[in-house]
$ cat upload33.txt   # compact mmCIF, C-alpha atoms
# COMPACT_ATOMS: atom_id res chain seq x y z
CA MET A 27 -25.07 -26.07 66.81
CA GLN A 28 -24.25 -22.37 66.82
CA MET A 29 -26.10 -20.22 64.33
CA ARG A 30 -22.83 -18.83 63.01
CA THR A 31 -21.43 -22.27 62.25
CA ILE A 32 -24.62 -23.20 60.49
CA GLU A 33 -24.48 -20.06 58.38
CA ILE A 34 -20.89 -20.75 57.39
CA VAL A 35 -21.64 -24.33 56.45
CA VAL A 36 -24.71 -23.35 54.44
CA GLY A 37 -22.64 -20.74 52.67
CA MET A 38 -20.09 -23.38 51.78
CA PHE A 39 -22.89 -25.63 50.52
CA MET A 40 -24.22 -22.96 48.21
CA LEU A 41 -20.72 -22.16 47.02
CA ALA A 42 -20.20 -25.82 46.23
CA GLY A 43 -23.43 -25.74 44.25
CA LEU A 44 -22.29 -22.71 42.28
CA LEU A 45 -18.94 -24.33 41.64
CA SER A 46 -20.68 -27.45 40.36
CA LEU A 47 -22.68 -25.29 38.02
CA GLY A 48 -19.49 -23.64 36.88
CA VAL A 49 -17.77 -26.95 36.30
CA LEU A 50 -20.71 -28.24 34.31
CA ALA A 51 -20.87 -25.05 32.29
CA ILE A 52 -17.18 -24.80 31.54
CA LYS A 53 -15.50 -28.14 31.66
CA VAL A 54 -18.37 -30.32 30.56
CA SER A 55 -20.10 -28.20 27.97
CA GLY A 56 -16.97 -26.84 26.49
CA PHE A 57 -16.86 -23.14 27.20
CA ASN A 58 -13.25 -22.56 26.28
CA ILE A 59 -11.47 -20.09 28.51
CA GLY A 60 -7.81 -20.97 28.34
CA THR A 61 -5.35 -21.41 25.55
CA ASP A 62 -2.41 -23.75 25.49
CA THR A 63 0.86 -21.87 25.38
CA ASN A 64 3.20 -24.61 24.35
CA THR A 65 1.73 -25.08 20.91
CA TYR A 66 2.24 -23.45 17.55
CA SER A 67 -0.32 -22.97 14.80
CA VAL A 68 -0.14 -24.62 11.41
CA TYR A 69 -2.68 -24.02 8.64
CA ALA A 70 -4.01 -26.34 5.95
CA ARG A 71 -6.61 -25.90 3.24
CA PHE A 72 -8.89 -28.78 2.35
CA GLU A 73 -11.39 -29.13 -0.49
CA ASN A 74 -13.76 -30.90 1.84
CA ALA A 75 -13.35 -30.89 5.62
CA GLY A 76 -16.48 -33.00 6.03
CA GLY A 77 -16.88 -34.30 9.57
CA LEU A 78 -13.83 -32.56 11.02
CA VAL A 79 -14.72 -30.54 14.11
CA VAL A 80 -12.87 -28.17 16.41
CA ARG A 81 -10.80 -30.14 18.91
CA SER A 82 -10.41 -33.11 16.58
CA LYS A 83 -7.09 -34.82 16.94
CA VAL A 84 -4.04 -34.14 14.83
CA SER A 85 -1.71 -37.12 14.63
CA ILE A 86 1.55 -38.17 13.04
CA ALA A 87 1.99 -41.92 12.48
CA GLY A 88 -1.02 -42.48 14.68
CA VAL A 89 0.42 -40.55 17.62
CA VAL A 90 -1.59 -37.52 18.75
CA VAL A 91 0.48 -34.35 18.50
CA GLY A 92 -2.17 -31.64 18.63
CA ASN A 93 -5.77 -30.56 17.97
CA VAL A 94 -7.75 -28.69 15.41
CA ALA A 95 -8.28 -25.19 16.78
CA GLU A 96 -10.39 -23.52 14.15
CA ILE A 97 -12.21 -24.37 10.91
CA THR A 98 -13.26 -21.50 8.69
CA LEU A 99 -14.31 -21.06 5.10
CA ASP A 100 -11.72 -19.31 2.96
CA GLN A 101 -13.95 -17.18 0.77
CA ASP A 102 -11.28 -16.55 -1.88
CA THR A 103 -10.74 -20.16 -2.81
CA PHE A 104 -13.87 -21.63 -1.15
CA MET A 105 -11.80 -24.24 0.60
CA ALA A 106 -11.91 -25.12 4.26
CA LEU A 107 -9.12 -23.37 6.15
CA VAL A 108 -8.15 -25.45 9.15
CA ARG A 109 -5.89 -24.11 11.89
CA MET A 110 -4.17 -26.83 13.88
CA GLU A 111 -2.31 -26.40 17.13
CA ILE A 112 0.67 -28.71 17.35
CA ALA A 113 2.70 -29.32 20.50
CA SER A 114 5.84 -27.17 20.56
CA ASP A 115 8.17 -30.08 21.07
CA VAL A 116 7.05 -31.65 17.77
CA ASN A 117 8.90 -29.07 15.73
CA GLN A 118 10.54 -31.10 13.00
CA ILE A 119 7.64 -31.46 10.59
CA SER A 120 9.09 -30.80 7.15
CA THR A 121 7.46 -28.20 4.95
CA ASP A 122 6.44 -30.70 2.25
CA SER A 123 4.41 -32.89 4.60
CA THR A 124 0.87 -33.93 3.67
CA ALA A 125 -2.24 -33.45 5.75
CA ALA A 126 -5.09 -35.89 5.23
CA ILE A 127 -8.46 -36.19 6.94
CA LEU A 128 -8.80 -39.72 8.22
CA THR A 129 -11.52 -41.57 10.06
CA GLU A 130 -11.00 -43.13 13.44
CA GLY A 131 -12.38 -46.64 13.64
CA LEU A 132 -15.41 -47.65 11.67
CA ILE A 133 -17.86 -45.03 12.91
CA GLY A 134 -15.50 -42.81 14.82
CA GLY A 135 -14.80 -39.14 14.37
CA LYS A 136 -12.46 -37.53 11.94
CA LEU A 137 -8.88 -36.60 12.64
CA VAL A 138 -6.07 -34.96 10.68
CA GLY A 139 -3.15 -37.24 9.91
CA LEU A 140 0.18 -35.74 8.88
CA SER A 141 2.66 -37.67 6.73
CA ILE A 142 6.16 -36.27 7.01
CA GLY A 143 7.98 -35.32 3.83
CA ALA A 144 11.67 -35.15 3.07
CA GLU A 145 12.55 -31.47 3.12
CA ASP A 146 15.15 -30.11 5.51
CA SER A 147 13.21 -26.99 6.45
CA TYR A 148 10.56 -27.37 9.14
CA LEU A 149 7.09 -25.86 9.71
CA LYS A 150 6.97 -22.86 12.02
CA ASP A 151 4.15 -21.00 13.70
CA GLY A 152 1.76 -19.71 11.07
CA ASP A 153 3.04 -21.86 8.20
CA GLU A 154 0.68 -23.63 5.85
CA ILE A 155 0.76 -27.23 4.70
CA ALA A 156 0.45 -27.13 0.94
CA ASP A 157 -0.29 -30.73 0.11
CA THR A 158 -3.65 -31.84 1.50
CA GLN A 159 -6.06 -34.69 1.03
CA SER A 160 -9.72 -34.11 1.72
CA ALA A 161 -12.14 -36.19 3.70
CA ILE A 162 -13.74 -39.08 1.90
CA VAL A 163 -17.37 -38.19 1.32
CA LEU A 164 -19.48 -41.29 0.90
CA GLU A 165 -21.82 -39.77 -1.68
CA GLU A 166 -18.96 -38.74 -3.97
CA LEU A 167 -17.50 -42.21 -3.70
CA ILE A 168 -20.79 -43.79 -4.67
CA GLY A 169 -21.14 -41.28 -7.48
CA GLN A 170 -17.72 -42.17 -8.87
CA PHE A 171 -18.51 -45.85 -8.61
CA LEU A 172 -21.79 -45.40 -10.47
CA LEU A 173 -20.13 -43.29 -13.19
CA LYS A 174 -17.54 -45.96 -13.79
CA GLN A 175 -20.33 -48.44 -14.45
CA PHE A 176 -21.65 -46.53 -17.43
CA MET B 21 -74.01 -51.85 45.96
CA PHE B 22 -74.91 -48.41 47.24
CA PRO B 23 -72.56 -48.57 50.24
CA ARG B 24 -69.75 -49.39 47.81
CA LEU B 25 -70.64 -46.50 45.54
CA ARG B 26 -70.84 -44.25 48.58
CA SER B 27 -67.41 -45.29 49.80
CA LEU B 28 -66.01 -44.84 46.30
CA GLY B 29 -67.51 -41.36 46.16
CA GLN B 30 -66.11 -40.63 49.59
CA THR B 31 -62.63 -41.73 48.49
CA VAL B 32 -62.73 -39.50 45.44
CA LEU B 33 -63.97 -36.52 47.42
CA GLU B 34 -61.30 -37.19 50.06
CA PHE B 35 -58.68 -37.21 47.32
CA PHE B 36 -59.82 -33.82 46.06
CA SER B 37 -59.93 -32.36 49.54
CA ILE B 38 -56.37 -33.58 50.12
CA LEU B 39 -55.29 -31.83 46.95
CA GLY B 40 -57.09 -28.72 48.08
CA ARG B 41 -55.46 -28.70 51.50
CA ALA B 42 -52.06 -29.31 49.95
CA GLY B 43 -52.56 -26.46 47.52
CA SER B 44 -53.72 -24.10 50.22
CA ILE B 45 -50.65 -24.89 52.35
CA TRP B 46 -48.43 -24.05 49.43
CA TRP B 47 -50.34 -20.90 48.68
CA GLN B 48 -50.49 -19.65 52.24
CA ALA B 49 -46.91 -20.42 53.14
CA ILE B 50 -45.32 -18.97 50.05
CA TRP B 51 -47.45 -16.15 48.78
CA ARG B 52 -48.40 -14.64 52.08
CA ARG B 53 -45.67 -12.03 52.41
CA PRO B 54 -42.50 -14.09 53.03
CA GLN B 55 -40.74 -12.12 55.74
CA LEU B 56 -37.07 -11.24 55.68
CA ARG B 57 -36.66 -11.62 59.41
CA ASN B 58 -37.41 -15.33 59.04
CA ALA B 59 -34.41 -15.73 56.73
CA HIS B 60 -32.31 -17.32 59.47
CA LEU B 61 -34.91 -20.06 59.71
CA ILE B 62 -34.48 -20.78 56.01
CA ILE B 63 -30.71 -20.98 56.45
CA ARG B 64 -31.13 -23.43 59.29
CA GLU B 65 -33.43 -25.54 57.16
CA ILE B 66 -31.04 -25.47 54.22
CA TYR B 67 -28.43 -26.83 56.59
CA LYS B 68 -30.71 -29.63 57.77
CA LEU B 69 -32.09 -30.54 54.36
CA GLY B 70 -29.30 -29.68 51.97
CA VAL B 71 -25.96 -29.81 53.71
CA LEU B 72 -26.71 -33.03 55.55
CA SER B 73 -27.77 -34.66 52.27
CA VAL B 74 -24.49 -33.86 50.56
CA LEU B 75 -22.74 -37.01 51.76
CA ILE B 76 -25.35 -39.41 50.43
CA THR B 77 -25.64 -37.48 47.18
CA VAL B 78 -21.91 -37.37 46.55
CA LEU B 79 -21.32 -41.03 47.38
CA SER B 80 -24.19 -42.17 45.18
CA GLY B 81 -23.14 -39.82 42.41
CA PHE B 82 -19.63 -41.18 42.36
CA SER B 83 -20.82 -44.78 42.32
CA ILE B 84 -23.36 -44.22 39.58
CA GLY B 85 -20.84 -42.35 37.46
CA ALA B 86 -18.36 -45.19 37.86
CA VAL B 87 -20.96 -47.82 36.97
CA LEU B 88 -22.04 -45.86 33.90
CA ALA B 89 -18.44 -45.64 32.79
CA LEU B 90 -17.89 -49.37 33.26
CA GLN B 91 -21.03 -50.53 31.49
CA GLY B 92 -20.78 -47.89 28.82
CA TYR B 93 -17.21 -48.86 28.05
CA ASN B 94 -18.11 -52.54 27.77
CA GLN B 95 -20.71 -51.79 25.14
CA LEU B 96 -18.90 -49.06 23.23
CA VAL B 97 -15.63 -50.94 22.93
CA LYS B 98 -17.39 -53.52 20.75
CA TYR B 99 -17.81 -50.87 18.06
CA GLY B 100 -14.51 -49.12 18.62
CA SER B 101 -16.35 -46.05 19.86
CA GLU B 102 -15.04 -45.96 23.42
CA SER B 103 -13.93 -42.38 22.75
CA ALA B 104 -17.60 -41.42 23.03
CA LEU B 105 -17.76 -42.65 26.62
CA GLY B 106 -17.36 -39.16 28.05
CA LEU B 107 -20.20 -37.80 25.97
CA GLY B 108 -22.56 -40.64 26.78
CA VAL B 109 -21.95 -40.57 30.51
CA ALA B 110 -22.18 -36.78 30.74
CA LEU B 111 -25.42 -36.56 28.80
CA VAL B 112 -27.09 -39.33 30.77
CA LEU B 113 -26.00 -37.87 34.10
CA VAL B 114 -26.75 -34.23 33.40
CA MET B 115 -30.11 -34.74 31.74
CA GLU B 116 -31.63 -37.73 33.51
CA ILE B 117 -29.81 -39.60 36.25
CA GLY B 118 -28.55 -36.50 38.07
CA PRO B 119 -31.88 -34.79 38.68
CA VAL B 120 -33.90 -37.98 39.13
CA VAL B 121 -31.64 -39.98 41.44
CA ALA B 122 -30.70 -36.92 43.47
CA ALA B 123 -34.43 -36.24 43.91
CA LEU B 124 -35.10 -39.83 44.96
CA LEU B 125 -32.29 -39.74 47.52
CA TYR B 126 -33.49 -36.34 48.68
CA ALA B 127 -37.04 -37.63 49.11
CA GLY B 128 -35.79 -40.54 51.14
CA ARG B 129 -33.49 -38.54 53.38
CA ALA B 130 -34.75 -34.98 53.61
CA GLY B 131 -38.38 -35.60 52.77
CA SER B 132 -38.87 -38.25 55.41
CA ALA B 133 -37.04 -36.10 57.97
CA VAL B 134 -39.30 -33.13 57.29
CA THR B 135 -42.46 -35.23 57.42
CA ALA B 136 -41.46 -36.86 60.68
CA GLU B 137 -40.52 -33.53 62.24
CA ILE B 138 -43.69 -31.69 61.27
CA GLY B 139 -45.80 -34.75 62.06
CA LEU B 140 -44.31 -34.94 65.55
CA MET B 141 -44.92 -31.24 66.03
CA LYS B 142 -48.54 -31.76 65.11
CA ALA B 143 -48.88 -34.86 67.31
CA THR B 144 -47.37 -33.12 70.34
CA GLU B 145 -49.62 -30.11 69.65
CA GLN B 146 -46.74 -27.73 69.15
CA LEU B 147 -48.38 -26.35 66.01
CA SER B 148 -51.63 -25.54 67.78
CA SER B 149 -49.75 -24.01 70.73
CA MET B 150 -47.89 -21.78 68.33
CA GLU B 151 -51.14 -20.60 66.79
CA MET B 152 -52.50 -19.84 70.21
CA ILE B 153 -49.60 -17.59 71.17
CA GLY B 154 -49.94 -15.75 67.91
CA VAL B 155 -47.00 -17.22 66.02
CA ASP B 156 -47.99 -18.28 62.55
CA PRO B 157 -46.78 -21.89 62.14
CA LEU B 158 -47.12 -21.64 58.38
CA GLN B 159 -44.62 -18.81 58.29
CA ARG B 160 -42.23 -20.08 60.95
CA ILE B 161 -42.31 -23.82 60.35
CA ILE B 162 -43.73 -24.67 56.95
CA ALA B 163 -42.54 -21.85 54.70
CA PRO B 164 -38.83 -22.07 55.62
CA ARG B 165 -38.86 -25.78 54.87
CA LEU B 166 -40.57 -25.22 51.53
CA TRP B 167 -38.06 -22.58 50.48
CA ALA B 168 -35.09 -24.55 51.77
CA GLY B 169 -36.22 -27.65 49.90
CA PHE B 170 -36.71 -25.67 46.74
CA ILE B 171 -33.23 -24.12 46.99
CA SER B 172 -31.27 -27.22 48.00
CA MET B 173 -32.58 -29.64 45.39
CA PRO B 174 -30.92 -28.16 42.28
CA ILE B 175 -27.66 -27.69 44.16
CA LEU B 176 -27.67 -31.36 45.16
CA ALA B 177 -28.55 -32.46 41.63
CA LEU B 178 -25.68 -30.40 40.21
CA MET B 179 -23.25 -31.85 42.72
CA PHE B 180 -24.50 -35.33 41.84
CA SER B 181 -23.83 -34.78 38.15
CA VAL B 182 -20.39 -33.27 38.68
CA VAL B 183 -19.22 -35.99 41.05
CA GLY B 184 -20.71 -38.59 38.72
CA ILE B 185 -18.76 -37.25 35.77
CA TRP B 186 -15.62 -37.17 37.87
CA GLY B 187 -16.19 -40.77 38.97
CA ALA B 188 -16.77 -41.79 35.37
CA SER B 189 -13.57 -40.08 34.30
CA LEU B 190 -11.60 -41.83 37.03
CA ILE B 191 -12.87 -45.22 35.92
CA GLY B 192 -12.86 -44.55 32.20
CA VAL B 193 -9.62 -42.66 31.75
CA ASN B 194 -7.44 -43.81 34.61
CA TRP B 195 -8.51 -47.41 34.78
CA LEU B 196 -10.10 -48.54 31.54
CA GLY B 197 -7.71 -46.56 29.39
CA VAL B 198 -10.01 -44.32 27.39
CA HIS B 199 -7.95 -41.51 25.86
CA GLU B 200 -8.24 -38.50 28.17
CA GLY B 201 -8.52 -36.00 25.34
CA ASP B 202 -11.22 -38.04 23.64
CA PHE B 203 -13.18 -38.40 26.86
CA TRP B 204 -13.30 -34.69 27.64
CA SER B 205 -13.40 -33.32 24.11
CA SER B 206 -16.26 -35.56 22.99
CA MET B 207 -18.09 -34.39 26.10
CA GLN B 208 -17.33 -30.72 25.48
CA ASP B 209 -18.35 -30.99 21.84
CA GLY B 210 -21.57 -32.80 22.55
CA VAL B 211 -22.94 -31.29 25.77
CA ASP B 212 -24.65 -27.96 25.24
CA PHE B 213 -25.25 -25.78 28.29
CA VAL B 214 -28.68 -24.51 27.30
CA SER B 215 -30.20 -27.61 25.79
CA HIS B 216 -28.78 -30.13 28.24
CA VAL B 217 -27.48 -28.72 31.50
CA LEU B 218 -30.16 -26.04 31.86
CA LYS B 219 -32.95 -28.51 31.18
CA GLY B 220 -31.52 -30.77 33.86
CA ILE B 221 -31.56 -27.85 36.28
CA ILE B 222 -35.19 -27.08 35.42
CA LYS B 223 -36.05 -30.70 36.08
CA SER B 224 -34.36 -30.65 39.45
CA LEU B 225 -36.23 -27.44 40.38
CA VAL B 226 -39.55 -29.07 39.57
CA PHE B 227 -38.59 -32.21 41.49
CA GLY B 228 -37.50 -30.08 44.45
CA ILE B 229 -40.87 -28.34 44.60
CA VAL B 230 -42.77 -31.62 44.35
CA VAL B 231 -40.70 -33.54 46.90
CA ILE B 232 -40.70 -30.89 49.60
CA TRP B 233 -44.35 -30.07 49.00
CA ILE B 234 -45.37 -33.70 49.49
CA ALA B 235 -43.12 -34.01 52.52
CA VAL B 236 -44.44 -30.87 54.21
CA PHE B 237 -48.05 -31.64 53.44
CA GLN B 238 -47.86 -35.22 54.68
CA GLY B 239 -46.35 -33.94 57.90
CA TYR B 240 -48.94 -31.21 58.32
CA ASP B 241 -51.83 -33.52 57.52
CA THR B 242 -50.73 -36.54 59.51
CA GLN B 243 -52.85 -38.45 61.98
CA PRO B 244 -51.49 -37.21 65.31
CA THR B 245 -50.55 -40.69 66.53
CA SER B 246 -47.27 -42.56 66.36
CA GLU B 247 -48.73 -44.93 63.80
CA GLY B 248 -50.00 -41.94 61.84
CA ILE B 249 -46.54 -40.38 61.75
CA ALA B 250 -45.00 -43.64 60.57
CA ASN B 251 -47.59 -43.92 57.80
CA SER B 252 -47.11 -40.33 56.74
CA THR B 253 -43.34 -40.71 56.55
CA THR B 254 -43.70 -43.83 54.42
CA ARG B 255 -46.25 -42.09 52.21
CA THR B 256 -43.89 -39.17 51.70
CA VAL B 257 -41.13 -41.37 50.40
CA VAL B 258 -43.42 -43.46 48.21
CA TYR B 259 -45.45 -40.60 46.76
CA SER B 260 -42.40 -38.40 46.18
CA SER B 261 -40.49 -41.16 44.45
CA VAL B 262 -43.35 -42.11 42.17
CA SER B 263 -44.13 -38.47 41.40
CA VAL B 264 -40.51 -37.76 40.54
CA LEU B 265 -40.32 -40.68 38.15
CA VAL B 266 -43.64 -39.97 36.47
CA LEU B 267 -42.92 -36.25 36.21
CA ASP B 268 -39.54 -37.08 34.74
CA PHE B 269 -41.26 -38.84 31.87
CA PHE B 270 -43.57 -35.93 31.18
CA LEU B 271 -40.86 -33.31 31.59
CA THR B 272 -38.56 -35.19 29.24
CA LEU B 273 -41.39 -35.50 26.74
CA VAL B 274 -42.08 -31.78 26.87
CA MET B 275 -38.53 -30.50 27.05
CA PHE B 276 -36.75 -32.76 24.66
CA ASN B 277 -39.30 -33.75 22.11
CA PHE B 278 -41.08 -30.54 21.25
$ encode --input "upload33.txt" --output "structure tokens"
Amino acid sequence: MQMRTIEIVVGMFMLAGLLSLGVLAIKVSGFNIGTDTNTYSVYARFENAGGLVVRSKVSIAGVVVGNVAEITLDQDTFMALVRMEIASDVNQISTDSTAAILTEGLIGGKLVGLSIGAEDSYLKDGDEIADTQSAIVLEELIGQFLLKQF
Amino acid sequence: MFPRLRSLGQTVLEFFSILGRAGSIWWQAIWRRPQLRNAHLIIREIYKLGVLSVLITVLSGFSIGAVLALQGYNQLVKYGSESALGLGVALVLVMEIGPVVAALLYAGRAGSAVTAEIGLMKATEQLSSMEMIGVDPLQRIIAPRLWAGFISMPILALMFSVVGIWGASLIGVNWLGVHEGDFWSSMQDGVDFVSHVLKGIIKSLVFGIVVIWIAVFQGYDTQPTSEGIANSTTRTVVYSSVSVLVLDFFLTLVMFNF
């Protein structure tokens, strides 16, 4: 085989190796380099966002409509400020809807479930959901149960 | 009794002298001023060792990824945790199966080829002829193969992992019905580049050094007969495979438990 062909093929081989490294770095280990453009952001504050992580699902009636984009601590109220990205074609979520942190399956991850309210005005980009329900923390539950005993 | 002790002593001393010869080959071929004008030899060796191993690596990677997805799904679905399939498969492939199986396949395909080639060169006295005309066989024959083996192994292991993950996603998402977002997001949340992918790459580098070193040494040290070449080739595959598996245990112990 000609030397030049061999060089080209070896070059392609090494490029494929670099690409594999890139795929593993970006797609598999979650280096986020693109943003979705057909979504809009909705905020919600929770007393306890325990177990919710970035990229958790956001669902309405069990149907996935978006993900959690960011979870930060609001230092004024010391509540968890969660920014969700909801698909643009789900744009009729009324402003008095509730956001609750639910668990998927018995030992699954957390997700945000939205229950639609009755208002006529709908959430837009940057709006905040006022009515929220925090995650159920097992220790608090046990604590309440024990308190009721005494 | 004394003849037995003597033969036992001889075996032990022979073992040490083998280690010494192997070490000196490594030392001489690598540290003795690697020359830039021999770079085209390295490229040719990368073609023979790396590029020609891509097919076997990719096919095996795809199959193993698919099998992992199938078996993993069967177990996880009992607990409703099939959304963690992506994470499980990716971690297993990137940290363990990718480097180890790619190294085993590499030892079988490239290692045996190198041993047979160098062994034949020794048996047909090409190596001694080269020394006589003033060409250093360590620099022209051995060193390019060592470098090429060292460079190709991690690339093959990475390709194995990537194709394995792709195969697992085809089976898991498109066939078994795992939610696509769950599959990829659980993987992206759980796989860390430095503590998982990088450690897998380090493993494959170590395996690459070991496999090609054993292959080259067995070829260089072979009995110059046809039976000797056959034995050396077999020994390469066996020793490389066992070394890879044992080293994997120790590397995992050191890298992931300390």
$ closest_residue --input "upload33.txt" --among "A:Gln101, A:Ser82, A:Ser141, A:Ser114" --to "Thr129 (chain A)" --atoms "all atoms listed in the file"
A:Ser82
$ atom_distance --input "upload33.txt" --atom1 "CA of Ala104 (chain B)" --atom2 "CA of Leu196 (chain B)"
13.4 Å
$ closest_residue --input "upload33.txt" --among "B:Ile221, B:Ile76, B:Leu39, B:Met179" --to "Leu124 (chain B)" --atoms "all atoms listed in the file"
B:Ile76
$ interface_residues --input "upload33.txt" --of "chain A" --to "chain B" --cutoff "12 Å" --atoms "all atoms listed in the file" --output "PDB file with C-alpha atoms, in the coordinates of the input"
ATOM      1  CA  MET A  27     -25.070 -26.070  66.810  1.00  0.00           C
ATOM      2  CA  GLN A  28     -24.250 -22.370  66.820  1.00  0.00           C
ATOM      3  CA  MET A  29     -26.100 -20.220  64.330  1.00  0.00           C
ATOM      4  CA  ARG A  30     -22.830 -18.830  63.010  1.00  0.00           C
ATOM      5  CA  THR A  31     -21.430 -22.270  62.250  1.00  0.00           C
ATOM      6  CA  ILE A  32     -24.620 -23.200  60.490  1.00  0.00           C
ATOM      7  CA  GLU A  33     -24.480 -20.060  58.380  1.00  0.00           C
ATOM      8  CA  ILE A  34     -20.890 -20.750  57.390  1.00  0.00           C
ATOM      9  CA  VAL A  35     -21.640 -24.330  56.450  1.00  0.00           C
ATOM     10  CA  VAL A  36     -24.710 -23.350  54.440  1.00  0.00           C
ATOM     11  CA  GLY A  37     -22.640 -20.740  52.670  1.00  0.00           C
ATOM     12  CA  MET A  38     -20.090 -23.380  51.780  1.00  0.00           C
ATOM     13  CA  PHE A  39     -22.890 -25.630  50.520  1.00  0.00           C
ATOM     14  CA  MET A  40     -24.220 -22.960  48.210  1.00  0.00           C
ATOM     15  CA  LEU A  41     -20.720 -22.160  47.020  1.00  0.00           C
ATOM     16  CA  ALA A  42     -20.200 -25.820  46.230  1.00  0.00           C
ATOM     17  CA  GLY A  43     -23.430 -25.740  44.250  1.00  0.00           C
ATOM     18  CA  LEU A  44     -22.290 -22.710  42.280  1.00  0.00           C
ATOM     19  CA  LEU A  45     -18.940 -24.330  41.640  1.00  0.00           C
ATOM     20  CA  SER A  46     -20.680 -27.450  40.360  1.00  0.00           C
ATOM     21  CA  LEU A  47     -22.680 -25.290  38.020  1.00  0.00           C
ATOM     22  CA  GLY A  48     -19.490 -23.640  36.880  1.00  0.00           C
ATOM     23  CA  VAL A  49     -17.770 -26.950  36.300  1.00  0.00           C
ATOM     24  CA  LEU A  50     -20.710 -28.240  34.310  1.00  0.00           C
ATOM     25  CA  ALA A  51     -20.870 -25.050  32.290  1.00  0.00           C
ATOM     26  CA  ILE A  52     -17.180 -24.800  31.540  1.00  0.00           C
ATOM     27  CA  LYS A  53     -15.500 -28.140  31.660  1.00  0.00           C
ATOM     28  CA  VAL A  54     -18.370 -30.320  30.560  1.00  0.00           C
ATOM     29  CA  SER A  55     -20.100 -28.200  27.970  1.00  0.00           C
ATOM     30  CA  GLY A  56     -16.970 -26.840  26.490  1.00  0.00           C
ATOM     31  CA  PHE A  57     -16.860 -23.140  27.200  1.00  0.00           C
ATOM     32  CA  ASN A  58     -13.250 -22.560  26.280  1.00  0.00           C
ATOM     33  CA  LEU A  78     -13.830 -32.560  11.020  1.00  0.00           C
ATOM     34  CA  VAL A  79     -14.720 -30.540  14.110  1.00  0.00           C
ATOM     35  CA  VAL A  80     -12.870 -28.170  16.410  1.00  0.00           C
ATOM     36  CA  ARG A  81     -10.800 -30.140  18.910  1.00  0.00           C
ATOM     37  CA  SER A  82     -10.410 -33.110  16.580  1.00  0.00           C
ATOM     38  CA  LYS A  83      -7.090 -34.820  16.940  1.00  0.00           C
ATOM     39  CA  VAL A  84      -4.040 -34.140  14.830  1.00  0.00           C
ATOM     40  CA  VAL A  89       0.420 -40.550  17.620  1.00  0.00           C
ATOM     41  CA  VAL A  90      -1.590 -37.520  18.750  1.00  0.00           C
ATOM     42  CA  VAL A  91       0.480 -34.350  18.500  1.00  0.00           C
ATOM     43  CA  GLY A  92      -2.170 -31.640  18.630  1.00  0.00           C
ATOM     44  CA  ASN A  93      -5.770 -30.560  17.970  1.00  0.00           C
ATOM     45  CA  VAL A  94      -7.750 -28.690  15.410  1.00  0.00           C
ATOM     46  CA  THR A 129     -11.520 -41.570  10.060  1.00  0.00           C
ATOM     47  CA  GLU A 130     -11.000 -43.130  13.440  1.00  0.00           C
ATOM     48  CA  GLY A 131     -12.380 -46.640  13.640  1.00  0.00           C
ATOM     49  CA  LEU A 132     -15.410 -47.650  11.670  1.00  0.00           C
ATOM     50  CA  ILE A 133     -17.860 -45.030  12.910  1.00  0.00           C
ATOM     51  CA  GLY A 134     -15.500 -42.810  14.820  1.00  0.00           C
ATOM     52  CA  GLY A 135     -14.800 -39.140  14.370  1.00  0.00           C
ATOM     53  CA  LYS A 136     -12.460 -37.530  11.940  1.00  0.00           C
ATOM     54  CA  LEU A 137      -8.880 -36.600  12.640  1.00  0.00           C
TER      55      LEU A 137
END
$ axis_aligned_box --input "upload33.txt" --around "region 267-270 of chain B" --padding-each-side "5 Å" --output "lines of an AutoDock Vina configuration file"
center_x = -41.6
center_y = -37.4
center_z = 33.7
size_x = 14.0
size_y = 12.9
size_z = 15.0
$ residues_around --input "upload33.txt" --residues "Glu247 (chain B)" --least-positions-apart "5" --cutoff "12 Å" --atoms "all atoms listed in the file" --output "ChimeraX atom specification"
/B:136,139-140,143,242,252-254
$ atom_distance --input "upload33.txt" --atom1 "CA of Val266 (chain B)" --atom2 "CA of Trp186 (chain B)"
28.2 Å
$ atom_distance --input "upload33.txt" --atom1 "CA of Phe203 (chain B)" --atom2 "CA of Ala86 (chain B)"
13.9 Å
$ build_atoms --input "upload33.txt" --residues "region 203-209 of chain B" --atoms "N, CA and C atoms" --output "PDB file, in the frame of the given file"
ATOM      1  N   PHE B 203     -12.120 -38.401  25.833  1.00  0.00           N
ATOM      2  CA  PHE B 203     -13.180 -38.400  26.860  1.00  0.00           C
ATOM      3  C   PHE B 203     -13.722 -36.991  27.052  1.00  0.00           C
ATOM      4  N   TRP B 204     -12.831 -36.040  27.319  1.00  0.00           N
ATOM      5  CA  TRP B 204     -13.300 -34.690  27.640  1.00  0.00           C
ATOM      6  C   TRP B 204     -13.722 -33.924  26.394  1.00  0.00           C
ATOM      7  N   SER B 205     -13.029 -34.131  25.270  1.00  0.00           N
ATOM      8  CA  SER B 205     -13.400 -33.320  24.110  1.00  0.00           C
ATOM      9  C   SER B 205     -14.703 -33.795  23.495  1.00  0.00           C
ATOM     10  N   SER B 206     -14.966 -35.111  23.508  1.00  0.00           N
ATOM     11  CA  SER B 206     -16.260 -35.560  22.990  1.00  0.00           C
ATOM     12  C   SER B 206     -17.374 -35.019  23.874  1.00  0.00           C
ATOM     13  N   MET B 207     -17.100 -34.947  25.188  1.00  0.00           N
ATOM     14  CA  MET B 207     -18.090 -34.390  26.100  1.00  0.00           C
ATOM     15  C   MET B 207     -18.305 -32.913  25.829  1.00  0.00           C
ATOM     16  N   GLN B 208     -17.202 -32.160  25.685  1.00  0.00           N
ATOM     17  CA  GLN B 208     -17.330 -30.720  25.480  1.00  0.00           C
ATOM     18  C   GLN B 208     -17.977 -30.407  24.148  1.00  0.00           C
ATOM     19  N   ASP B 209     -17.733 -31.251  23.139  1.00  0.00           N
ATOM     20  CA  ASP B 209     -18.350 -30.990  21.840  1.00  0.00           C
ATOM     21  C   ASP B 209     -19.831 -31.305  21.870  1.00  0.00           C
TER      22      ASP B 209
END
